[in-house]
Amino acid sequence: MQDADERLLRAVMALLTAKGITSAEEIAERVRVTDAASPGQGARMVARAWRDPGYRALMLQDGTRAAEALGIPMRGAPPLGVLENTPEVHHLVVCTLCSCYPRAVLGYPPFWFKSAAYRARAVRDPRGLLAEFGTHLPESVRVRVVDSTADYRWMVLPLRPAGTDEWDEERLAAIVREGDMIGVTQVAP
Amino acid sequence: MLAAGARVRVRDDWPETRGPCHVRTPHYLRGRTGVVVRHLGDFPNPEDLAFARPAERRPLYHVRFEQEPIWREGHAGDEVQVEIFGHWLEEA
């Protein structure tokens with residue numbers, strides 16, 4: 001079976017190259033970019049934004065440019081939007097229509113992100129869903145579910161935990177998990 | 001062009017009942033009223049793109065809705081914010 005997959009892959013790549021649609025170099029470059037994408041990239045952006053107000057402003061205004069400013073390849077990726085959590089508003093990202101995900105900065109989505117259960121419940125019962133992830137928000141915090149239905153990809157800029165004022169960027173980035181940037185969890189120091 | 005703060009209603013339309021189509025407007029919002037947050041840019045109309053037809057660029061908006069009235073359950077004040085193309089929105 002693996003041999004058949006491999007033969008099919010080679011045949012499709014040869015056809016794409018022969019027709020001038022892409023090149024072996026371009027395919028290799030895309031594979032490299034895709035493999036490099038991981039939640040660690042988004043975490044670096046979050047850590048920078050927590051320490052640098054100018055970067056935070058750029059990130060909220062234009063996520064794509066903010067990612068590029070940290071050397072994250074965004075060419076060919078859909079525009080990235082960033083949603084800032086505050087003490088008043090908590091964002092939760094879902095794609096009810098399919099599985100849109102900011103792969104350039106978060107990598108492959110966790111398995112549950114594409115599940116029918118997550119997609120249905122995130123919009124209908126967000127607080128119940130959050131509680132199952134261990135996230136219990138006070139009544140006073142507004143939950144804003146962001147359903148990516150079209151051309152943007154969304155990530156959350158989570159709240160910086162208390163007691164991390166003296167931390168450097170690397171140490172901050174290490175505590176930011178993928179769920180914090182989807183909005184199912186909050187950053188724990 | 002719709003301005004930020006404009007009250008809008010999502011068209012109560014169900015093209016999927018008329019034949020094959022591709023719609024990026026979630027069913028749970030058809031006929032619902034919300035508020036424009038901002039214009040996100042102009043993007044090729046996915047309803048044509050999906051069928052490899054020439055696709056005109058259409059304005060895409062971020063629109064915010066109260067969560068509770070949609071499902072008649074939930075927590076007052078909670079919201080859902082969704083990308084919706086301009087041709088699915090009418091002034092409310």
# chains A, B, ... in the order shown; residues from 1 in each chain; ligands from 1
$ closest_atom_pairs --of "chain B" --to "chain A" --cutoff "9 Å" --atoms "only C-alpha atoms" --output "Markdown table"
| residue | atom | partner | partner_atom | distance |
| --- | --- | --- | --- | --- |
| B:Arg24 | CA | A:Thr149 | CA | 5.8 |
| B:Thr25 | CA | A:Thr149 | CA | 7.0 |
| B:Pro26 | CA | A:Leu97 | CA | 6.8 |
| B:Leu40 | CA | A:Tyr152 | CA | 8.4 |
| B:Phe43 | CA | A:Asp151 | CA | 7.3 |
| B:Pro46 | CA | A:Ala150 | CA | 8.2 |
| B:Leu60 | CA | A:Ala150 | CA | 8.4 |
| B:Arg64 | CA | A:Arg144 | CA | 8.9 |
| B:Gln67 | CA | A:Arg124 | CA | 7.8 |
| B:Glu68 | CA | A:Arg124 | CA | 8.7 |
| B:Ile70 | CA | A:Arg124 | CA | 8.5 |
| B:Trp71 | CA | A:Arg124 | CA | 6.7 |
| B:Glu73 | CA | A:Arg124 | CA | 8.1 |
| B:Gly74 | CA | A:Asp125 | CA | 6.6 |
| B:His75 | CA | A:Glu139 | CA | 8.3 |
| B:Ala76 | CA | A:Arg142 | CA | 8.7 |
| B:Gly77 | CA | A:Arg142 | CA | 6.0 |
| B:Asp78 | CA | A:Val143 | CA | 4.8 |
| B:Glu79 | CA | A:Arg144 | CA | 4.6 |
| B:Val80 | CA | A:Val145 | CA | 4.6 |
| B:Gln81 | CA | A:Val146 | CA | 4.8 |
| B:Val82 | CA | A:Asp147 | CA | 5.1 |
| B:Glu83 | CA | A:Thr149 | CA | 5.7 |
| B:Ile84 | CA | A:Ala150 | CA | 7.4 |
| B:Phe85 | CA | A:Ala150 | CA | 8.5 |
$ select_by_dssp --residues "chain B" --states "strand (DSSP E)" --output "ChimeraX atom specification"
/B:7-10,33-44,57-66,79-85,89-91
$ atom_distance --atom1 "atom CA of A:Ala104" --atom2 "atom CA of A:Thr86"
24.4 Å
$ select_by_dssp --residues "chain B" --states "helix (DSSP H, G or I)" --output "list in words"
Pro15, Glu16, Thr17, His27, Tyr28, Leu29, Pro46, Glu47, Asp48, Leu49, Gln67, Glu68, Pro69, Ile70, Trp71, Gly86, His87 and Trp88 of chain B
$ write_last_selection --atoms "N, CA and C atoms" --output "PDB file, in the first residue's frame"
ATOM      1  N   PRO B  15     -30.168  28.382  -0.245  1.00  0.00           N
ATOM      2  CA  PRO B  15     -29.883  27.949  -1.623  1.00  0.00           C
ATOM      3  C   PRO B  15     -29.651  26.450  -1.739  1.00  0.00           C
ATOM      4  N   GLU B  16     -29.261  25.805  -0.619  1.00  0.00           N
ATOM      5  CA  GLU B  16     -29.032  24.356  -0.698  1.00  0.00           C
ATOM      6  C   GLU B  16     -30.315  23.586  -0.968  1.00  0.00           C
ATOM      7  N   THR B  17     -31.474  24.242  -0.780  1.00  0.00           N
ATOM      8  CA  THR B  17     -32.738  23.560  -1.100  1.00  0.00           C
ATOM      9  C   THR B  17     -33.060  23.664  -2.589  1.00  0.00           C
ATOM     10  N   HIS B  27     -25.681  27.911   8.733  1.00  0.00           N
ATOM     11  CA  HIS B  27     -27.149  27.835   8.756  1.00  0.00           C
ATOM     12  C   HIS B  27     -27.710  28.490  10.004  1.00  0.00           C
ATOM     13  N   TYR B  28     -26.981  28.394  11.153  1.00  0.00           N
ATOM     14  CA  TYR B  28     -27.564  28.871  12.415  1.00  0.00           C
ATOM     15  C   TYR B  28     -27.703  30.385  12.457  1.00  0.00           C
ATOM     16  N   LEU B  29     -27.144  31.073  11.450  1.00  0.00           N
ATOM     17  CA  LEU B  29     -27.236  32.539  11.439  1.00  0.00           C
ATOM     18  C   LEU B  29     -28.225  33.079  10.427  1.00  0.00           C
ATOM     19  N   PRO B  46     -16.698  32.581  -2.694  1.00  0.00           N
ATOM     20  CA  PRO B  46     -16.498  31.122  -2.620  1.00  0.00           C
ATOM     21  C   PRO B  46     -17.598  30.337  -3.323  1.00  0.00           C
ATOM     22  N   GLU B  47     -18.770  30.976  -3.499  1.00  0.00           N
ATOM     23  CA  GLU B  47     -19.882  30.269  -4.143  1.00  0.00           C
ATOM     24  C   GLU B  47     -19.567  29.991  -5.612  1.00  0.00           C
ATOM     25  N   ASP B  48     -18.696  30.817  -6.218  1.00  0.00           N
ATOM     26  CA  ASP B  48     -18.221  30.563  -7.582  1.00  0.00           C
ATOM     27  C   ASP B  48     -16.922  29.760  -7.583  1.00  0.00           C
ATOM     28  N   LEU B  49     -16.018  30.136  -6.674  1.00  0.00           N
ATOM     29  CA  LEU B  49     -14.726  29.433  -6.587  1.00  0.00           C
ATOM     30  C   LEU B  49     -14.917  27.922  -6.488  1.00  0.00           C
ATOM     31  N   GLN B  67     -25.227  35.508  21.497  1.00  0.00           N
ATOM     32  CA  GLN B  67     -25.284  34.057  21.412  1.00  0.00           C
ATOM     33  C   GLN B  67     -26.635  33.503  21.884  1.00  0.00           C
ATOM     34  N   GLU B  68     -27.158  34.094  22.940  1.00  0.00           N
ATOM     35  CA  GLU B  68     -28.342  33.520  23.594  1.00  0.00           C
ATOM     36  C   GLU B  68     -29.594  33.461  22.702  1.00  0.00           C
ATOM     37  N   PRO B  69     -29.932  34.545  21.962  1.00  0.00           N
ATOM     38  CA  PRO B  69     -31.155  34.479  21.151  1.00  0.00           C
ATOM     39  C   PRO B  69     -31.092  33.440  20.031  1.00  0.00           C
ATOM     40  N   ILE B  70     -29.888  33.087  19.587  1.00  0.00           N
ATOM     41  CA  ILE B  70     -29.771  32.134  18.482  1.00  0.00           C
ATOM     42  C   ILE B  70     -30.279  30.759  18.904  1.00  0.00           C
ATOM     43  N   TRP B  71     -29.908  30.357  20.117  1.00  0.00           N
ATOM     44  CA  TRP B  71     -30.232  28.991  20.568  1.00  0.00           C
ATOM     45  C   TRP B  71     -31.325  28.989  21.632  1.00  0.00           C
ATOM     46  N   GLY B  86     -20.712  40.256   2.095  1.00  0.00           N
ATOM     47  CA  GLY B  86     -21.688  41.343   2.018  1.00  0.00           C
ATOM     48  C   GLY B  86     -22.986  40.975   1.335  1.00  0.00           C
ATOM     49  N   HIS B  87     -22.918  40.091   0.329  1.00  0.00           N
ATOM     50  CA  HIS B  87     -24.157  39.781  -0.394  1.00  0.00           C
ATOM     51  C   HIS B  87     -25.099  38.887   0.423  1.00  0.00           C
ATOM     52  N   TRP B  88     -24.663  38.480   1.613  1.00  0.00           N
ATOM     53  CA  TRP B  88     -25.556  37.742   2.519  1.00  0.00           C
ATOM     54  C   TRP B  88     -26.174  38.645   3.580  1.00  0.00           C
TER      55      TRP B  88
END
$ residues_around --residues "B:Ala50" --least-positions-apart "3" --cutoff "10 Å" --atoms "only C-alpha atoms" --output "PDB file with N, CA and C atoms, in the first residue's frame"
ATOM      1  N   CYS B  21     -24.795  23.717  -4.372  1.00  0.00           N
ATOM      2  CA  CYS B  21     -24.231  25.037  -4.118  1.00  0.00           C
ATOM      3  C   CYS B  21     -23.156  24.898  -3.053  1.00  0.00           C
ATOM      4  N   HIS B  22     -22.414  25.985  -2.849  1.00  0.00           N
ATOM      5  CA  HIS B  22     -21.395  26.015  -1.801  1.00  0.00           C
ATOM      6  C   HIS B  22     -21.557  27.340  -1.073  1.00  0.00           C
ATOM      7  N   VAL B  23     -21.920  27.281   0.186  1.00  0.00           N
ATOM      8  CA  VAL B  23     -22.254  28.482   0.947  1.00  0.00           C
ATOM      9  C   VAL B  23     -21.345  28.573   2.157  1.00  0.00           C
ATOM     10  N   ASN B  45     -15.571  35.347  -4.399  1.00  0.00           N
ATOM     11  CA  ASN B  45     -16.798  34.738  -3.903  1.00  0.00           C
ATOM     12  C   ASN B  45     -16.674  33.204  -3.900  1.00  0.00           C
ATOM     13  N   PRO B  46     -16.698  32.581  -2.694  1.00  0.00           N
ATOM     14  CA  PRO B  46     -16.498  31.122  -2.620  1.00  0.00           C
ATOM     15  C   PRO B  46     -17.598  30.337  -3.323  1.00  0.00           C
ATOM     16  N   GLU B  47     -18.770  30.976  -3.499  1.00  0.00           N
ATOM     17  CA  GLU B  47     -19.882  30.269  -4.143  1.00  0.00           C
ATOM     18  C   GLU B  47     -19.567  29.991  -5.612  1.00  0.00           C
ATOM     19  N   ARG B  53     -15.707  28.562 -11.266  1.00  0.00           N
ATOM     20  CA  ARG B  53     -16.225  29.637 -12.126  1.00  0.00           C
ATOM     21  C   ARG B  53     -15.440  30.908 -11.827  1.00  0.00           C
ATOM     22  N   ALA B  55     -14.630  34.134 -10.231  1.00  0.00           N
ATOM     23  CA  ALA B  55     -15.191  34.576  -8.951  1.00  0.00           C
ATOM     24  C   ALA B  55     -14.891  36.056  -8.720  1.00  0.00           C
TER      25      ALA B  55
END
$ closest_residue --among "A:Val82, A:Met59, A:Ala67, A:Ile182" --to "A:Phe133" --atoms "only C-alpha atoms"
A:Ile182
$ closest_residue --among "B:Pro20, B:Ala92, B:Met1, B:Trp14" --to "B:Tyr61" --atoms "only C-alpha atoms"
B:Met1
$ closest_residue --among "B:Arg30, B:Val63, B:Ala52, B:Glu91" --to "B:Val8" --atoms "only C-alpha atoms"
B:Glu91
$ residues_around --residues "A:Met45" --least-positions-apart "4" --cutoff "10 Å" --atoms "only C-alpha atoms" --output "PyMOL selection string"
chain A and resi 40-41+49-50+55-56+59+63+66-67+69-70+72+105+157+169+173
$ write_last_selection --atoms "N, CA and C atoms" --output "mmCIF file, in the first residue's frame"
data_model
loop_
_atom_site.group_PDB
_atom_site.id
_atom_site.type_symbol
_atom_site.label_atom_id
_atom_site.label_comp_id
_atom_site.auth_asym_id
_atom_site.auth_seq_id
_atom_site.Cartn_x
_atom_site.Cartn_y
_atom_site.Cartn_z
ATOM 1 N N GLY A 40 4.705 26.142 18.657
ATOM 2 C CA GLY A 40 5.856 26.906 19.152
ATOM 3 C C GLY A 40 5.999 28.245 18.432
ATOM 4 N N GLN A 41 5.579 28.294 17.164
ATOM 5 C CA GLN A 41 5.655 29.558 16.410
ATOM 6 C C GLN A 41 4.679 30.590 16.982
ATOM 7 N N ALA A 49 4.548 39.609 22.152
ATOM 8 C CA ALA A 49 3.478 40.599 22.348
ATOM 9 C C ALA A 49 3.316 40.956 23.828
ATOM 10 N N TRP A 50 3.546 39.993 24.721
ATOM 11 C CA TRP A 50 3.412 40.257 26.165
ATOM 12 C C TRP A 50 4.483 41.229 26.645
ATOM 13 N N TYR A 55 4.934 45.528 19.312
ATOM 14 C CA TYR A 55 4.691 44.272 18.599
ATOM 15 C C TYR A 55 3.249 43.819 18.819
ATOM 16 N N ARG A 56 2.757 43.991 20.040
ATOM 17 C CA ARG A 56 1.377 43.604 20.350
ATOM 18 C C ARG A 56 0.392 44.371 19.439
ATOM 19 N N MET A 59 0.537 42.971 15.988
ATOM 20 C CA MET A 59 -0.077 41.639 15.950
ATOM 21 C C MET A 59 -1.604 41.739 15.882
ATOM 22 N N GLY A 63 -1.953 40.186 11.795
ATOM 23 C CA GLY A 63 -1.281 38.981 12.294
ATOM 24 C C GLY A 63 -0.252 38.440 11.320
ATOM 25 N N ALA A 66 2.903 40.425 11.607
ATOM 26 C CA ALA A 66 3.535 40.143 12.900
ATOM 27 C C ALA A 66 4.252 38.791 12.868
ATOM 28 N N ALA A 67 3.640 37.792 12.202
ATOM 29 C CA ALA A 67 4.287 36.476 12.087
ATOM 30 C C ALA A 67 5.555 36.599 11.252
ATOM 31 N N ALA A 69 7.377 39.131 10.870
ATOM 32 C CA ALA A 69 8.404 39.884 11.607
ATOM 33 C C ALA A 69 9.251 38.960 12.482
ATOM 34 N N LEU A 70 8.708 37.785 12.838
ATOM 35 C CA LEU A 70 9.482 36.816 13.626
ATOM 36 C C LEU A 70 10.059 35.711 12.743
ATOM 37 N N ILE A 72 8.443 33.824 10.550
ATOM 38 C CA ILE A 72 7.541 32.700 10.261
ATOM 39 C C ILE A 72 7.068 32.840 8.815
ATOM 40 N N VAL A 105 0.974 29.224 11.935
ATOM 41 C CA VAL A 105 1.510 29.586 13.255
ATOM 42 C C VAL A 105 1.214 28.547 14.339
ATOM 43 N N LEU A 157 -4.654 35.728 21.344
ATOM 44 C CA LEU A 157 -3.563 36.234 22.185
ATOM 45 C C LEU A 157 -4.058 36.113 23.625
ATOM 46 N N GLU A 169 11.500 36.255 27.157
ATOM 47 C CA GLU A 169 10.612 35.779 26.100
ATOM 48 C C GLU A 169 10.603 34.258 25.983
ATOM 49 N N ALA A 173 7.382 31.940 26.312
ATOM 50 C CA ALA A 173 6.907 31.134 25.182
ATOM 51 C C ALA A 173 6.709 29.682 25.594
#
$ closest_residue --among "A:Ala131, A:Gly71, A:Glu166, A:His136" --to "A:Gly42" --atoms "only C-alpha atoms"
A:Gly71
$ atom_distance --atom1 "atom CA of A:Ala37" --atom2 "atom CA of A:Pro87"
29.5 Å
$ atom_distance --atom1 "atom CA of A:Gln61" --atom2 "atom CA of A:Leu83"
9.8 Å
